[in-house]
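Asks: First, the structure itself, so that you have it in front of you.
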Amino acid sequence: MCVIIIKQKENLMSEEIAKTSSKINPHGLGIIWLDTFEVTYHKSKDYRLLLTERPFIAHFRYATMGAVNRENTHPFICGNNKDELLMHNGTIKGLGSAELCDSKALAIELGSTPRQDWKTRLENYDSRFVSVNLRTRSFQIYNRNLYTYRDGVWYSKANVLQDNLIAVYGTLKKGFNNYYAFLTNAKHIGRGVTQDKYPLLVDGLPYMVDKKGLGHNVVVDVFKVSDVQLEKVDQLEGHPQWYTRKVIPITLKDRTVNCWLYFNPKEVTADTEMYAEYLSTYAKRYDNVPEESTSYDTAEYHEAIDIGWNDNDFPTNETNACIDCFNDVEHDGFANYYCSSCGNWFKEEEILNFNRI
């Protein structure tokens, strides 16, 4: 996982992208400042350090191997070559341990590999790398074709570039079951309604039908998602075979935005019951929305709209995280934890040891 960000120019990096990088990759931030080639290490929540004209190479870590600590925060010294550093985005199978991350293990091995062989070796992996030489004040990107270049900045993973707006009205709404599996890393823009009326049917699951002018102005949640996240939601909705997504206008508190929304070709007749909002007794609700509510009151709803993340969105020592996907886990009341995001079970001892940072 992880993301490497390379900014060589004096332009400012997007705060939204920096914050997204921090939220998706919460296990450490390492920075090489390209104007001085000083190396600094931080918590991922310190992403605002990157909102500067100074050029840098930054690495946000998402731990898949090794403990979550300062010692496993990139960059790593390459063996005995104190001037050579390595940053890595990806997974190297067969390297690392419960304590030592695979990237650091690889950096140690590179220390005994002739420098002229690094390129051949690193480009054999399906990963993104950057090596930095502090003595010559230079750096080299490996597998550059796997990077994304946007507004003068290189990104090793495009999942931090959340450029797509989607409006969801069913199980993907914030706090509902599929939200936890698909949209916890997306940016929640807020709650709104469709600018036009549409039929919202509830037949076990919710279905919105593309018949503008019928039904109600339907309550939706709006998210910003990356191309990767959009593709996953497409798969969930069976687009374009089952549901078909279409761009329609959504009214928020202070503006109207165009969003993708998924329609289903259900039949609508004069007797079809239509709803203004999909509610579920098993889903977590907004505290300020009555369970029986089927209306949308702009003044009341928008006072509590979540227009972004705050510090409570980041993992803390008080929130146990999944070993595999790092989303929240739930205790079963005995000696096990369950992750609803990836569907895995873990022993209590495993989770507590993993989260003991």
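Letters for chains follow the order of the structure tokens (A, B, ...), residue numbers begin at 1 for each chain, and ligand numbers begin at 1 in the order shown.
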Please provide as a compact mmCIF listing (two decimals) with N, CA and C atoms, in the first residue's frame all residues within 10 Å of Leu205 in chain A, with the sequence filter that same-chain residues fewer than 4 positions apart are discarded (counting only C-alpha atoms).

Replies:
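Written out: selection.txt:
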# COMPACT_ATOMS: atom_id res chain seq x y z
N GLY A 170 -28.68 4.64 -0.83
CA GLY A 170 -29.05 3.38 -0.18
C GLY A 170 -28.01 2.90 0.81
N THR A 171 -27.57 1.67 0.63
CA THR A 171 -26.68 1.03 1.60
C THR A 171 -25.28 1.61 1.61
N LEU A 201 -37.71 3.49 -4.95
CA LEU A 201 -38.47 2.32 -4.55
C LEU A 201 -37.68 1.55 -3.50
N TYR A 278 -34.19 6.57 1.90
CA TYR A 278 -34.04 5.17 2.29
C TYR A 278 -33.58 5.13 3.74
N SER A 280 -33.07 2.49 7.30
CA SER A 280 -32.89 1.08 7.64
C SER A 280 -32.76 0.95 9.15

Asks: Find the residues around Pro55 in chain A up to 6 Å (only C-alpha atoms counted), leave out those fewer than 6 positions away in its own chain, and share them as a PDB file with N, CA and C atoms, in the first residue's frame.

Replies:
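See result-v1.pdb below for the written result:
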ATOM      1  N   LYS A   7       7.310  16.237  -5.166  1.00  0.00           N
ATOM      2  CA  LYS A   7       7.024  17.599  -5.611  1.00  0.00           C
ATOM      3  C   LYS A   7       8.353  18.341  -5.760  1.00  0.00           C
ATOM      4  N   GLN A   8       8.722  18.660  -6.991  1.00  0.00           N
ATOM      5  CA  GLN A   8      10.008  19.302  -7.262  1.00  0.00           C
ATOM      6  C   GLN A   8       9.898  20.803  -7.448  1.00  0.00           C
ATOM      7  N   LYS A   9       8.693  21.299  -7.738  1.00  0.00           N
ATOM      8  CA  LYS A   9       8.528  22.713  -8.059  1.00  0.00           C
ATOM      9  C   LYS A   9       8.087  23.500  -6.818  1.00  0.00           C
ATOM     10  N   LEU A  34      13.971  18.368  -0.567  1.00  0.00           N
ATOM     11  CA  LEU A  34      14.887  18.396  -1.700  1.00  0.00           C
ATOM     12  C   LEU A  34      15.698  19.684  -1.810  1.00  0.00           C
TER      13      LEU A  34
END

Asks: Any idea what the distance is between CA of Arg137 in chain A and CA of Ala58 in chain A?

Replies: 15.6 Å

Asks: Out of A:Asn89, A:Thr184, A:Ser156, A:Asn178, which residue has the shortest atom-to-atom distance to Ile24 in chain A when counting only C-alpha atoms?

Replies: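 Among the listed residues, A:Thr184 lies closest to Ile24 in chain A.
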